[in-house]
Every structure is written in C-alpha cells, then in structure tokens.
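See below for upload-v1.tsv, which holds TSV, C-alpha atoms.
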chain	number	residue	atom	x	y	z
A	1	LEU	CA	-11.81	1.70	5.45
A	2	ALA	CA	-11.75	5.44	6.10
A	3	VAL	CA	-8.38	4.90	7.78
A	4	CYS	CA	-6.97	3.77	4.45
A	5	THR	CA	-8.15	6.89	2.68
A	6	SER	CA	-6.45	9.17	5.18
A	7	PHE	CA	-3.29	7.08	5.13
A	8	GLY	CA	-2.04	7.70	2.12
A	9	LEU	CA	2.69	8.76	-2.98
A	10	LEU	CA	5.92	7.00	-6.98
A	11	THR	CA	9.94	4.46	-7.71
A	12	VAL	CA	13.32	4.31	-9.49
A	13	PRO	CA	12.59	3.83	-12.97
A	14	ALA	CA	8.98	2.89	-13.38
A	15	THR	CA	8.05	-0.75	-13.94
A	16	ALA	CA	4.85	-2.48	-14.90
A	17	GLY	CA	3.70	-3.53	-11.46
A	18	THR	CA	1.14	-2.07	-9.09
A	19	LEU	CA	2.92	-1.45	-5.78
A	20	SER	CA	5.59	1.22	-5.29
A	21	LEU	CA	8.51	-1.19	-5.10
A	22	PHE	CA	12.07	0.13	-5.19
A	23	ASN	CA	14.02	-2.01	-7.67
A	24	PRO	CA	17.82	-1.75	-7.22
A	25	SER	CA	18.36	-3.59	-10.52
A	26	ASN	CA	16.77	-0.65	-12.39
A	27	ILE	CA	19.17	2.00	-11.13
A	28	THR	CA	20.44	4.31	-13.87
A	29	LYS	CA	24.24	4.17	-13.51
A	30	GLU	CA	25.02	7.63	-14.78
A	31	ASN	CA	27.00	10.27	-12.90
A	32	GLN	CA	25.62	13.80	-12.57
A	33	ASN	CA	22.01	12.78	-12.96
A	34	LEU	CA	18.93	13.32	-10.83
A	35	GLU	CA	16.05	10.84	-10.55
A	36	MET	CA	12.70	11.97	-9.18
A	37	ASN	CA	9.87	9.44	-8.97
A	38	ALA	CA	6.54	9.44	-7.18
A	39	GLN	CA	3.54	7.12	-6.96
A	40	LEU	CA	0.14	7.20	-5.28
A	41	MET	CA	-2.20	4.20	-5.11
A	42	MET	CA	-5.53	3.89	-3.30
A	43	VAL	CA	-7.55	0.71	-3.83
A	44	ASN	CA	-10.38	-1.11	-2.11
A	45	ASP	CA	-13.07	-3.54	-3.20
A	46	ALA	CA	-15.95	-2.38	-0.98
A	47	PHE	CA	-16.83	1.15	-2.13
A	48	SER	CA	-16.05	3.66	-4.82
A	49	LEU	CA	-13.60	6.29	-3.61
A	50	GLU	CA	-16.32	8.94	-3.80
A	51	VAL	CA	-18.52	6.91	-1.47
A	52	LEU	CA	-15.57	6.21	0.82
A	53	PHE	CA	-14.83	9.92	1.19
A	54	ASP	CA	-18.53	10.84	1.53
A	55	ASP	CA	-19.40	8.98	4.75
A	56	LEU	CA	-20.37	5.83	2.80
A	57	GLU	CA	-23.34	7.54	1.16
A	58	GLY	CA	-23.70	5.38	-1.92
A	59	SER	CA	-23.67	1.71	-2.87
A	60	LEU	CA	-21.73	-1.18	-1.34
A	61	HIS	CA	-20.02	-3.73	-3.59
A	62	GLU	CA	-21.49	-6.86	-2.05
A	63	GLN	CA	-19.25	-9.92	-1.63
A	64	ASP	CA	-19.06	-12.88	0.77
A	65	ASP	CA	-15.28	-12.91	1.15
A	66	LYS	CA	-13.28	-10.37	3.14
A	67	TYR	CA	-12.70	-6.90	1.78
A	68	ASP	CA	-9.19	-5.55	1.15
A	69	ALA	CA	-8.01	-1.95	1.17
A	70	VAL	CA	-4.47	-0.80	0.34
A	71	GLY	CA	-2.96	2.67	0.40
A	72	ASP	CA	0.56	2.87	-1.00
A	73	ALA	CA	2.62	6.00	-1.58
A	74	ARG	CA	6.27	6.67	-2.28
A	75	ILE	CA	8.53	9.54	-3.35
A	76	ASP	CA	12.19	9.06	-4.32
A	77	ILE	CA	14.70	11.79	-5.17
A	78	GLY	CA	18.26	10.64	-5.73
A	79	THR	CA	21.37	10.37	-7.85
A	80	TYR	CA	24.07	7.88	-8.77
A	81	LEU	CA	27.67	8.33	-7.62
A	82	ASP	CA	30.45	6.02	-8.86
A	83	PHE	CA	32.04	5.57	-5.43
A	84	ILE	CA	28.76	4.86	-3.58
A	85	GLY	CA	26.03	3.88	-6.03
A	86	TYR	CA	22.53	5.28	-5.78
A	87	VAL	CA	21.90	7.62	-2.85
A	88	GLY	CA	18.66	9.50	-2.25
A	89	TYR	CA	15.83	10.71	-0.08
A	90	THR	CA	12.66	8.64	0.21
A	91	TYR	CA	9.23	9.23	1.69
A	92	ARG	CA	6.95	6.25	2.25
A	93	LYS	CA	3.39	5.94	3.45
A	94	GLU	CA	1.46	2.70	3.26
A	95	VAL	CA	-1.39	0.86	4.96
A	96	VAL	CA	-3.14	-2.47	4.47
A	97	MET	CA	-6.55	-3.12	5.97
A	98	PRO	CA	-8.30	-6.48	5.47
A	99	THR	CA	-11.84	-6.41	6.88
A	100	SER	CA	-14.49	-9.09	7.25
A	101	SER	CA	-17.58	-8.77	5.07
A	102	ASP	CA	-19.81	-8.63	8.19
A	103	THR	CA	-17.84	-5.65	9.56
A	104	VAL	CA	-18.17	-3.69	6.32
A	105	ARG	CA	-21.85	-4.57	5.95
A	106	LEU	CA	-22.77	-3.47	9.50
A	107	LEU	CA	-20.75	-0.27	9.15
A	108	TYR	CA	-22.54	0.49	5.88
A	109	GLN	CA	-26.00	-0.29	7.25
A	110	ALA	CA	-25.49	1.73	10.43
A	111	THR	CA	-23.99	4.74	8.63
A	112	ASN	CA	-26.89	4.89	6.18
A	113	ASP	CA	-29.65	4.12	8.72
A	114	LEU	CA	-30.67	0.98	6.85
A	115	GLU	CA	-33.03	-1.54	8.42
A	116	LEU	CA	-31.40	-4.52	10.11
A	117	ASP	CA	-32.67	-8.10	10.21
A	118	ILE	CA	-33.61	-8.72	13.84
A	119	GLY	CA	-31.51	-11.50	15.33
A	120	GLU	CA	-28.83	-11.38	12.64
A	121	SER	CA	-25.32	-11.77	14.04
A	122	TYR	CA	-22.15	-10.18	12.69
A	123	ASP	CA	-18.60	-11.49	12.94
A	124	LEU	CA	-16.50	-8.34	13.39
A	125	ASP	CA	-12.85	-8.47	12.30
A	126	LEU	CA	-10.71	-5.57	11.13
A	127	LYS	CA	-6.92	-5.31	10.94
A	128	MET	CA	-4.84	-2.18	10.35
A	129	GLU	CA	-1.14	-2.22	9.53
A	130	GLY	CA	0.82	0.71	8.17
A	131	PHE	CA	3.34	3.47	8.68
A	132	ALA	CA	4.72	6.71	7.28
A	133	ALA	CA	8.43	7.50	7.28
A	134	HIS	CA	11.18	9.66	5.80
A	135	GLY	CA	14.47	8.02	4.90
A	136	ILE	CA	17.88	7.98	3.26
A	137	LEU	CA	18.39	5.20	0.72
A	138	PHE	CA	21.61	3.59	-0.54
A	139	ALA	CA	21.48	1.02	-3.36
A	140	ASN	CA	23.50	-0.60	-6.13
A	141	ASN	CA	23.48	-3.59	-8.45
A	142	PHE	CA	26.20	-5.95	-9.64
A	143	PRO	CA	26.56	-8.41	-12.53
A	144	VAL	CA	26.97	-11.98	-11.30
A	145	TYR	CA	26.82	-14.03	-14.51
A	146	GLN	CA	27.38	-12.92	-18.11
A	147	GLU	CA	28.04	-16.02	-20.19
A	148	LYS	CA	26.30	-18.18	-22.82
A	149	GLY	CA	23.82	-15.46	-23.64
A	150	TRP	CA	22.80	-14.85	-20.03
A	151	ASP	CA	23.02	-11.51	-18.22
A	152	VAL	CA	22.21	-11.81	-14.52
A	153	ASN	CA	22.51	-9.07	-11.91
A	154	ILE	CA	21.67	-8.72	-8.24
A	155	GLY	CA	20.66	-5.45	-6.62
A	156	VAL	CA	20.62	-4.48	-2.96
A	157	GLY	CA	19.27	-1.46	-1.12
A	158	VAL	CA	19.36	-0.22	2.46
A	159	GLU	CA	17.08	2.47	3.91
A	160	PHE	CA	17.57	4.34	7.18
A	161	LEU	CA	14.14	5.49	8.29
A	162	TYR	CA	12.54	8.06	10.58
A	163	GLY	CA	8.98	7.01	11.36
A	164	VAL	CA	6.27	9.64	11.89
A	165	GLU	CA	2.99	7.67	11.72
A	166	ILE	CA	1.87	4.17	12.62
A	167	GLN	CA	-1.33	2.11	12.57
A	168	ASP	CA	-0.74	-1.41	13.86
A	169	GLY	CA	-3.48	-3.44	15.47
A	170	TYR	CA	-6.82	-5.16	15.16
A	171	VAL	CA	-10.43	-5.17	16.31
A	172	ARG	CA	-12.34	-8.42	16.77
A	173	GLY	CA	-15.75	-9.16	18.22
A	174	ASP	CA	-19.39	-9.70	17.43
A	175	ALA	CA	-22.65	-7.81	17.08
A	176	ILE	CA	-26.32	-8.74	16.96
A	177	ALA	CA	-29.30	-6.82	15.58
A	178	THR	CA	-31.83	-6.31	18.39
A	179	ALA	CA	-34.27	-4.22	16.33
A	180	VAL	CA	-34.55	-2.89	12.81
A	181	ASN	CA	-32.73	0.25	14.01
A	182	ASP	CA	-30.64	-1.08	16.90
A	183	TYR	CA	-27.80	-3.50	17.60
A	184	ASP	CA	-25.48	-4.50	20.45
A	185	PHE	CA	-21.78	-5.23	20.11
A	186	ASN	CA	-18.74	-6.40	22.05
A	187	MET	CA	-15.27	-5.87	20.62
A	188	TYR	CA	-11.68	-6.40	21.73
A	189	SER	CA	-8.87	-4.22	20.38
A	190	ASN	CA	-5.08	-4.46	20.60
A	191	TYR	CA	-3.78	-1.32	18.94
A	192	PHE	CA	-0.61	0.79	18.49
A	193	TYR	CA	-1.11	4.17	16.83
A	194	THR	CA	-0.13	7.80	16.44
A	195	GLU	CA	-3.80	8.70	15.88
A	196	ASN	CA	-6.69	6.71	17.33
A	197	TYR	CA	-9.32	5.99	14.66
A	198	LEU	CA	-11.47	3.70	16.83
A	199	TYR	CA	-12.63	6.22	19.41
A	200	ASP	CA	-11.84	9.81	20.44
A	201	LEU	CA	-8.56	9.97	22.35
A	202	ASP	CA	-5.98	12.74	22.24
A	203	VAL	CA	-2.42	11.42	22.43
A	204	GLU	CA	1.10	12.82	22.33
A	205	ASN	CA	3.29	12.51	19.24
A	206	SER	CA	5.66	9.58	18.87
A	207	ASN	CA	8.53	8.93	16.46
A	208	ALA	CA	10.71	6.01	15.49
A	209	TYR	CA	14.10	5.21	14.02
A	210	GLY	CA	14.70	2.13	11.94
A	211	TYR	CA	15.90	0.52	8.75
A	212	SER	CA	14.83	-1.61	5.83
A	213	THR	CA	16.54	-3.73	3.18
A	214	HIS	CA	15.63	-4.49	-0.43
A	215	LEU	CA	16.78	-7.22	-2.83
A	216	SER	CA	16.37	-7.72	-6.58
A	217	ILE	CA	17.42	-10.40	-9.05
A	218	GLN	CA	17.19	-9.78	-12.79
A	219	ALA	CA	18.08	-12.23	-15.54
A	220	THR	CA	18.02	-11.76	-19.33
A	221	TYR	CA	18.44	-14.44	-21.99
A	222	GLU	CA	17.97	-13.45	-25.63
A	223	ASN	CA	14.42	-12.02	-25.83
A	224	PHE	CA	13.37	-13.22	-22.38
A	225	SER	CA	13.88	-11.50	-19.05
A	226	PHE	CA	12.87	-12.42	-15.52
A	227	SER	CA	12.94	-10.38	-12.35
A	228	TYR	CA	12.19	-10.79	-8.67
A	229	VAL	CA	12.06	-7.81	-6.31
A	230	ILE	CA	11.39	-7.89	-2.59
A	231	ASN	CA	11.19	-4.78	-0.42
A	232	ASP	CA	11.41	-4.69	3.37
A	233	ILE	CA	12.91	-8.18	3.47
A	234	LEU	CA	14.32	-7.06	6.83
A	235	GLY	CA	12.59	-3.92	8.07
A	236	LYS	CA	12.04	-2.53	11.56
A	237	LEU	CA	10.86	0.72	13.14
A	238	TYR	CA	11.69	1.23	16.81
A	239	TRP	CA	8.98	3.43	18.32
A	240	GLN	CA	9.47	5.23	21.62
A	241	ASP	CA	6.63	6.11	24.00
A	242	LEU	CA	4.03	5.01	21.48
A	243	PRO	CA	0.31	5.22	22.38
A	244	TYR	CA	-1.11	1.75	23.00
A	245	SER	CA	-4.62	0.49	23.74
A	246	ASN	CA	-5.61	-2.97	24.91
A	247	VAL	CA	-9.31	-2.49	25.50
A	248	LEU	CA	-12.83	-3.84	25.38
A	249	LEU	CA	-15.45	-1.76	23.57
A	250	THR	CA	-19.12	-2.38	24.31
A	251	SER	CA	-22.44	-0.84	23.33
A	252	GLY	CA	-23.53	0.16	26.84
A	253	THR	CA	-24.03	3.84	26.01
A	254	LYS	CA	-26.45	4.62	23.21
A	255	SER	CA	-28.65	7.39	21.86
A	256	TYR	CA	-30.85	7.75	18.80
A	257	ASP	CA	-30.69	10.11	15.82
A	258	GLU	CA	-33.56	12.03	14.24
A	259	ASN	CA	-34.49	8.92	12.23
A	260	GLY	CA	-34.67	6.77	15.34
A	261	TYR	CA	-31.45	4.90	14.48
A	262	VAL	CA	-29.06	3.97	17.25
A	263	GLU	CA	-25.86	5.97	17.79
A	264	TYR	CA	-23.07	4.85	20.08
A	265	THR	CA	-20.39	6.32	22.24
A	266	PRO	CA	-18.56	3.04	22.99
A	267	VAL	CA	-17.91	2.10	26.59
A	268	VAL	CA	-14.15	1.56	26.76
A	269	SER	CA	-12.42	-0.46	29.48
A	270	GLY	CA	-8.91	-1.80	29.69
A	271	VAL	CA	-5.39	-0.41	29.35
A	272	GLU	CA	-4.31	2.80	27.62
A	273	ARG	CA	-0.68	3.78	28.01
A	274	TYR	CA	2.59	4.67	26.28
A	275	LYS	CA	5.20	2.01	25.61
A	276	ASP	CA	8.17	1.28	23.37
A	277	TYR	CA	7.30	-0.91	20.39
A	278	THR	CA	9.20	-2.57	17.54
A	279	GLN	CA	7.21	-2.60	14.31
A	280	THR	CA	8.10	-5.16	11.65
A	281	LEU	CA	7.50	-3.70	8.19
A	282	MET	CA	5.29	-5.55	5.72
A	283	LYS	CA	7.19	-7.40	3.00
A	284	LYS	CA	6.27	-6.48	-0.58
A	285	TRP	CA	7.40	-8.46	-3.61
A	286	ARG	CA	7.08	-8.63	-7.37
A	287	LEU	CA	7.70	-11.56	-9.74
A	288	GLU	CA	7.75	-10.68	-13.43
A	289	ALA	CA	8.50	-12.26	-16.81
A	290	LYS	CA	8.98	-10.30	-20.04
A	291	TYR	CA	9.33	-11.15	-23.73
A	292	ASN	CA	10.74	-8.59	-26.17
A	293	PHE	CA	9.69	-8.30	-29.80
A	294	GLU	CA	11.31	-5.95	-32.34
A	295	ASN	CA	9.57	-2.77	-31.14
A	296	ALA	CA	7.33	-4.16	-28.43
A	297	SER	CA	7.20	-6.31	-25.31
A	298	ILE	CA	4.70	-8.17	-23.20
A	299	GLN	CA	4.98	-8.65	-19.44
A	300	LEU	CA	3.25	-10.94	-16.95
A	301	GLY	CA	3.71	-10.41	-13.25
A	302	ASN	CA	2.33	-10.37	-9.75
A	303	ASP	CA	2.71	-7.89	-6.88
A	304	SER	CA	1.98	-9.00	-3.33
A	305	ILE	CA	1.67	-7.47	0.13
A	306	GLU	CA	0.24	-9.18	3.23
A	307	ASP	CA	-1.16	-12.10	1.18
A	308	ILE	CA	-2.96	-9.70	-1.17
A	309	ASN	CA	-1.93	-10.69	-4.70
A	310	MET	CA	-2.29	-8.28	-7.62
A	311	PRO	CA	-1.45	-10.08	-10.90
A	312	TYR	CA	-1.10	-7.99	-14.04
A	313	VAL	CA	-0.36	-8.11	-17.76
A	314	ARG	CA	1.24	-5.31	-19.75
A	315	TYR	CA	1.88	-4.59	-23.43
A	316	GLN	CA	4.43	-1.96	-24.40
A	317	TYR	CA	5.29	-0.45	-27.79
A	318	THR	CA	8.25	1.79	-28.70
A	319	TYR	CA	7.76	4.28	-31.53
A	320	ASP	CA	10.51	5.51	-33.86
A	321	ASN	CA	10.65	8.88	-32.08
A	322	GLY	CA	11.50	7.16	-28.77
A	323	LEU	CA	8.05	7.46	-27.22
A	324	ILE	CA	7.09	4.33	-25.25
A	325	VAL	CA	3.41	3.58	-24.70
A	326	GLY	CA	2.28	0.87	-22.29
A	327	TYR	CA	-1.14	-0.65	-21.64
A	328	ASN	CA	-1.59	-2.37	-18.29
A	329	TYR	CA	-4.35	-4.51	-16.77
A	330	GLU	CA	-4.30	-5.36	-13.04
A	331	MET	CA	-6.57	-8.27	-12.16
A	332	LYS	CA	-7.28	-8.07	-8.41
A	333	PHE	CA	-8.96	-4.65	-8.39
A	334	GLY	CA	-9.57	-4.47	-12.15
A	335	MET	CA	-7.44	-1.42	-12.93
A	336	ILE	CA	-6.69	-0.55	-16.57
A	337	GLY	CA	-3.71	1.73	-17.11
A	338	LEU	CA	-1.98	3.87	-19.71
A	339	GLU	CA	1.76	4.60	-19.38
A	340	LEU	CA	3.81	7.10	-21.38
A	341	SER	CA	7.61	7.25	-21.29
A	342	SER	CA	10.27	9.23	-23.10
A	343	LYS	CA	13.97	9.68	-22.44
A	344	ASN	CA	13.49	11.91	-19.39
A	345	TYR	CA	9.86	11.52	-18.33
A	346	HIS	CA	7.40	8.86	-17.25
A	347	LEU	CA	3.69	9.27	-16.57
A	348	SER	CA	0.99	6.72	-15.84
A	349	ILE	CA	-2.62	6.62	-14.71
A	350	HIS	CA	-4.64	3.55	-13.75
A	351	ALA	CA	-8.24	3.11	-12.60
A	352	ASP	CA	-10.96	0.48	-12.50
A	353	ASP	CA	-13.63	2.94	-13.71
A	354	LEU	CA	-13.50	6.24	-15.56
A	355	THR	CA	-16.29	8.00	-13.67
A	356	ASP	CA	-16.61	6.32	-10.26
A	357	PRO	CA	-13.44	4.33	-9.46
A	358	SER	CA	-12.78	2.19	-6.42
A	359	ALA	CA	-9.12	1.82	-7.31
A	360	VAL	CA	-6.69	4.37	-8.73
A	361	ARG	CA	-2.96	4.55	-9.22
A	362	ALA	CA	-0.86	7.40	-10.64
A	363	SER	CA	2.88	7.83	-11.10
A	364	LEU	CA	5.29	10.45	-12.35
A	365	GLY	CA	9.02	10.16	-12.99
A	366	ILE	CA	11.66	12.62	-14.16
A	367	HIS	CA	15.27	11.94	-15.14
A	368	TYR	CA	17.59	14.94	-15.41
A	369	SER	CA	21.25	14.95	-16.49
A	370	PHE	CA	23.49	17.88	-15.60

Could you write out this file's structure as structure tokens?
Amino acid sequence: LAVCTSFGLLTVPATAGTLSLFNPSNITKENQNLEMNAQLMMVNDAFSLEVLFDDLEGSLHEQDDKYDAVGDARIDIGTYLDFIGYVGYTYRKEVVMPTSSDTVRLLYQATNDLELDIGESYDLDLKMEGFAAHGILFANNFPVYQEKGWDVNIGVGVEFLYGVEIQDGYVRGDAIATAVNDYDFNMYSNYFYTENYLYDLDVENSNAYGYSTHLSIQATYENFSFSYVINDILGKLYWQDLPYSNVLLTSGTKSYDENGYVEYTPVVSGVERYKDYTQTLMKKWRLEAKYNFENASIQLGNDSIEDINMPYVRYQYTYDNGLIVGYNYEMKFGMIGLELSSKNYHLSIHADDLTDPSAVRASLGIHYSF
C-alpha cells in the first residue's frame, strides 16, 4: 500500500466521474484558447492516508474481502487548432494495487508489533500495476447523427508517450505464525520495476516509448444525455533494459527488535536481470447518464479500472450569474465532493472524511482565450 502513496495529478473539461479520464467529446472547439487541467486522486480502503504515510501507526479498517488502492494523476495543457483539432502535453501517473486481506493484516500486525495467533496461516497476495509517462496528445470529435432530436458525436484521441516509471508484477505466497512475536513466510515474485519496493536493490534507470488511444461516444436527446468514454483502449509502453526479478523470498534470516518482535531481511534467490518488456496499459472507462432540468441536472455513472468499479451520483445547479455548483457522491470509497465552475475556472475537492480521510480527490481547470 505504501507503493500507492508514492506513486502518485487533473482532464479536458471536468466531468462528474472519479478517474482522470480524457474525454475527446468534451473538447472546446475554439481557436486561440488554452486549456489547463489537473487532477490528483489517492484512495484505499485499508487505512486513513495519515496512517498510510506514518508507517501504519493507527487503526486498520477491517474487512474480509480484498483491499483496493488506486493512485491516479493527470495534467493536460493544450489548445484547439482548426486544421488539427486538440493538441497538447500530458503527464500521467497511475497505479492500482489489489491486496488480499491476509497480506494487509499481517503487514499491519508486524509493523505495529501486535501479538499473533500461534498457528494462524496467511494467504499472501499482492499485485502492483502502474506507470508514469509524459506525452503528446492529439484528439478531436465529430458529429455522426443529428436528426429527429438526436445529437450524437464520436471522439477519438491518440497519445504518444515517453515512460519514466513502471511497477508491474505480483507477490504470492503464505505465512504462518510460529509465536506471538514471530512468523515464517515463503513468497514468489515476478516483478518489472524502475524502483524495487519489495527489497533493497539499486538498479539503473530505464525508459520506454509507446502510445495509447482513447474513444468517446456522446448522445443527447431532448433533456437526456448519455456518454461512454474509454481510455487506453489500445495502449503499450515498450521498455528497454528494464529491471526484472523472478525470485523466491523466504524468512531464513531474522533478528528481533527491542520489543522482541521478529524483523526480517528476506533471503532472495532466483533471477535478477535487465530485459526488454512490453507493458499493456490498464483500460479505464466511464458510463454516464444525465438528465437536465431548467437550471439543474442530475447524473448517474460508473468509473472502472482493473475491475474496480466506482459508481457515483451528482447533482449540479447553475446560478443566474453563471456559477455552477455540483455535489458528488462516490460509492466505492465513500467520497463526498463539492465542485465549482465558472466560465474560465473549475475547482473540486472530494474526500470520505473531513479530518482523517482514506480517499481524496482534487482537480483544477483553467480555460484561457487569447
């Protein structure tokens, strides 16, 4: 989970969803304008963010199912040109880390020197998938049907990416408590990375070149509108001389802290080398329906990445002075959000708790016409 906190920022015009999806259908088709949008989201359902950043010193949110952690960040700076469409710079950084409840529980107990139940076994399973990249983005949208009250458009986008960070792999194994302050483990890891978070290992830098494609469909009929956006429908990063570990980690080397609790320097055996690797980017999608009233609207939707679904509902009201206020509730991590928009600015903040959140999301957008 600490990997997610270190992997960590906003999209073209802001929408109601949770993930930082680029929506080609929302491009502002206006020459001599500049769009700047940024978003940062950090969510998990195991610990508050304060506990996560403080070596797990605090309480664990107990649950029987697996724990999910998502870090999602994006910056877009671009403009619209009649002869090309939207063109801009993008920075992306995202990671998804599903983890078994046993893995989180043992990590929490061991970090806080809590007593173990002798003989209890743990099913260890942790997956890490993510990347960071700079890119150039080209996008546009086109009307495809405008009859009988319908207005339907399709948007497409293509990114050319330069990858600078990767986490792609898994750890699986088992552990058993041998004393109230001791346990043994055996784990297997298959892991590509630019920084090794499993054990200390200095490696050389690696970079990648690649691409990604985005698609959107938006339909409006009278007061109803529907949209579907999918990012990274085809996305690859081609890494060269990337650090790779295919290893077994065992608890053969141990010592004890001042409280008598076991501490490990894992015994590592297997293969560590550099190799070329093709990373397939994680698909992200949003499905949304909207109904417009005279000065208000209500939206229902769902964002998804790696089988993690984040449904949401949003109410939006437009005041006579042009100020738009939105209230958003995301159901997976329980975030409540406030969004403010005017002609040239957008700001939003979301959290599941005001004082000790486990999930936060913030976005900022600026539109400037020359």

Select, from A:Val267, A:Ala219, A:Leu137, A:Val360, the residue with the minimum atom-to-atom distance to Gly85 of chain A, counting only C-alpha atoms.
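Among the listed residues, the smallest separation from Gly85 of chain A belongs to A:Leu137.
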
So which one's closest to Glu94 of chain A, A:Ile27, A:Val43, A:Val262, A:Ile349? Using only C-alpha atoms, please.
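With only C-alpha atoms as the atom set, the closest residue is A:Val43.
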
Which residues of segment 14-78 of chain A come within 10 Å of segment 154-176 of chain A, and what is each one's closest atom pair and distance in Å (one decimal), counting all atoms listed in the file, sorted by chain and residue number, as a Markdown table?
| residue | atom | partner | partner_atom | distance |
| --- | --- | --- | --- | --- |
| A:Phe22 | CA | A:Gly157 | CA | 8.4 |
| A:Asn23 | CA | A:Gly155 | CA | 7.6 |
| A:Pro24 | CA | A:Gly155 | CA | 4.7 |
| A:Ser25 | CA | A:Gly155 | CA | 4.9 |
| A:Asn26 | CA | A:Gly155 | CA | 8.5 |
| A:Ile27 | CA | A:Gly155 | CA | 8.8 |

Write out as JSON lines the residues of segment 220-301 of chain A that have any atom within 12 Å of an atom of segment 208-211 of chain A, one row each with the nearest atom pair and its distance in Å to one decimal, counting only C-alpha atoms, sorted by chain and then rising number.
{"residue": "A:Asn231", "atom": "CA", "partner": "A:Tyr211", "partner_atom": "CA", "distance": 11.6}
{"residue": "A:Asp232", "atom": "CA", "partner": "A:Tyr211", "partner_atom": "CA", "distance": 8.7}
{"residue": "A:Ile233", "atom": "CA", "partner": "A:Tyr211", "partner_atom": "CA", "distance": 10.6}
{"residue": "A:Leu234", "atom": "CA", "partner": "A:Tyr211", "partner_atom": "CA", "distance": 8.0}
{"residue": "A:Gly235", "atom": "CA", "partner": "A:Tyr211", "partner_atom": "CA", "distance": 5.6}
{"residue": "A:Lys236", "atom": "CA", "partner": "A:Gly210", "partner_atom": "CA", "distance": 5.4}
{"residue": "A:Leu237", "atom": "CA", "partner": "A:Gly210", "partner_atom": "CA", "distance": 4.3}
{"residue": "A:Tyr238", "atom": "CA", "partner": "A:Ala208", "partner_atom": "CA", "distance": 5.1}
{"residue": "A:Trp239", "atom": "CA", "partner": "A:Ala208", "partner_atom": "CA", "distance": 4.2}
{"residue": "A:Gln240", "atom": "CA", "partner": "A:Ala208", "partner_atom": "CA", "distance": 6.3}
{"residue": "A:Asp241", "atom": "CA", "partner": "A:Ala208", "partner_atom": "CA", "distance": 9.4}
{"residue": "A:Leu242", "atom": "CA", "partner": "A:Ala208", "partner_atom": "CA", "distance": 9.0}
{"residue": "A:Asp276", "atom": "CA", "partner": "A:Ala208", "partner_atom": "CA", "distance": 9.5}
{"residue": "A:Tyr277", "atom": "CA", "partner": "A:Ala208", "partner_atom": "CA", "distance": 9.1}
{"residue": "A:Thr278", "atom": "CA", "partner": "A:Ala208", "partner_atom": "CA", "distance": 8.9}
{"residue": "A:Gln279", "atom": "CA", "partner": "A:Gly210", "partner_atom": "CA", "distance": 9.2}
{"residue": "A:Thr280", "atom": "CA", "partner": "A:Gly210", "partner_atom": "CA", "distance": 9.8}
{"residue": "A:Leu281", "atom": "CA", "partner": "A:Tyr211", "partner_atom": "CA", "distance": 9.4}

Fewer than 3 positions away in the same chain doesn't count, so skip those; otherwise give me all residues within 12 Å of Asp123 of chain A, counting only C-alpha atoms, as a PDB file with C-alpha atoms, in the frame of the given file.
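Writing done, so here's part_31.pdb:
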ATOM      1  CA  LYS A  66     -13.280 -10.370   3.140  1.00  0.00           C
ATOM      2  CA  THR A  99     -11.840  -6.410   6.880  1.00  0.00           C
ATOM      3  CA  SER A 100     -14.490  -9.090   7.250  1.00  0.00           C
ATOM      4  CA  SER A 101     -17.580  -8.770   5.070  1.00  0.00           C
ATOM      5  CA  ASP A 102     -19.810  -8.630   8.190  1.00  0.00           C
ATOM      6  CA  THR A 103     -17.840  -5.650   9.560  1.00  0.00           C
ATOM      7  CA  VAL A 104     -18.170  -3.690   6.320  1.00  0.00           C
ATOM      8  CA  ARG A 105     -21.850  -4.570   5.950  1.00  0.00           C
ATOM      9  CA  LEU A 106     -22.770  -3.470   9.500  1.00  0.00           C
ATOM     10  CA  GLU A 120     -28.830 -11.380  12.640  1.00  0.00           C
ATOM     11  CA  LEU A 126     -10.710  -5.570  11.130  1.00  0.00           C
ATOM     12  CA  VAL A 171     -10.430  -5.170  16.310  1.00  0.00           C
ATOM     13  CA  ARG A 172     -12.340  -8.420  16.770  1.00  0.00           C
ATOM     14  CA  GLY A 173     -15.750  -9.160  18.220  1.00  0.00           C
ATOM     15  CA  ASP A 174     -19.390  -9.700  17.430  1.00  0.00           C
ATOM     16  CA  ALA A 175     -22.650  -7.810  17.080  1.00  0.00           C
ATOM     17  CA  ILE A 176     -26.320  -8.740  16.960  1.00  0.00           C
ATOM     18  CA  ALA A 177     -29.300  -6.820  15.580  1.00  0.00           C
ATOM     19  CA  PHE A 185     -21.780  -5.230  20.110  1.00  0.00           C
ATOM     20  CA  ASN A 186     -18.740  -6.400  22.050  1.00  0.00           C
ATOM     21  CA  MET A 187     -15.270  -5.870  20.620  1.00  0.00           C
TER      22      MET A 187
END

Within 9 Å of Glu57 of chain A using only C-alpha atoms, minus same-chain residues under 5 positions, as a VMD selection string:
chain A and resid 50 to 52 108 111 to 112

Smallest atom-to-atom distance to Gly301 of chain A: which of A:Asn205, A:Asn31, A:Ser369, A:Ser225, using only C-alpha atoms?
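Nearest candidate to Gly301 of chain A out of A:Asn205, A:Asn31, A:Ser369, A:Ser225: A:Ser225.
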
List the residues sitting within 9 Å of (1.4, 3.2, -8.1) in the file's frame, using all atoms listed in the file, as number ranges by chain.
A: 9-11, 17-21, 38-42, 72-74, 348-350, 360-363
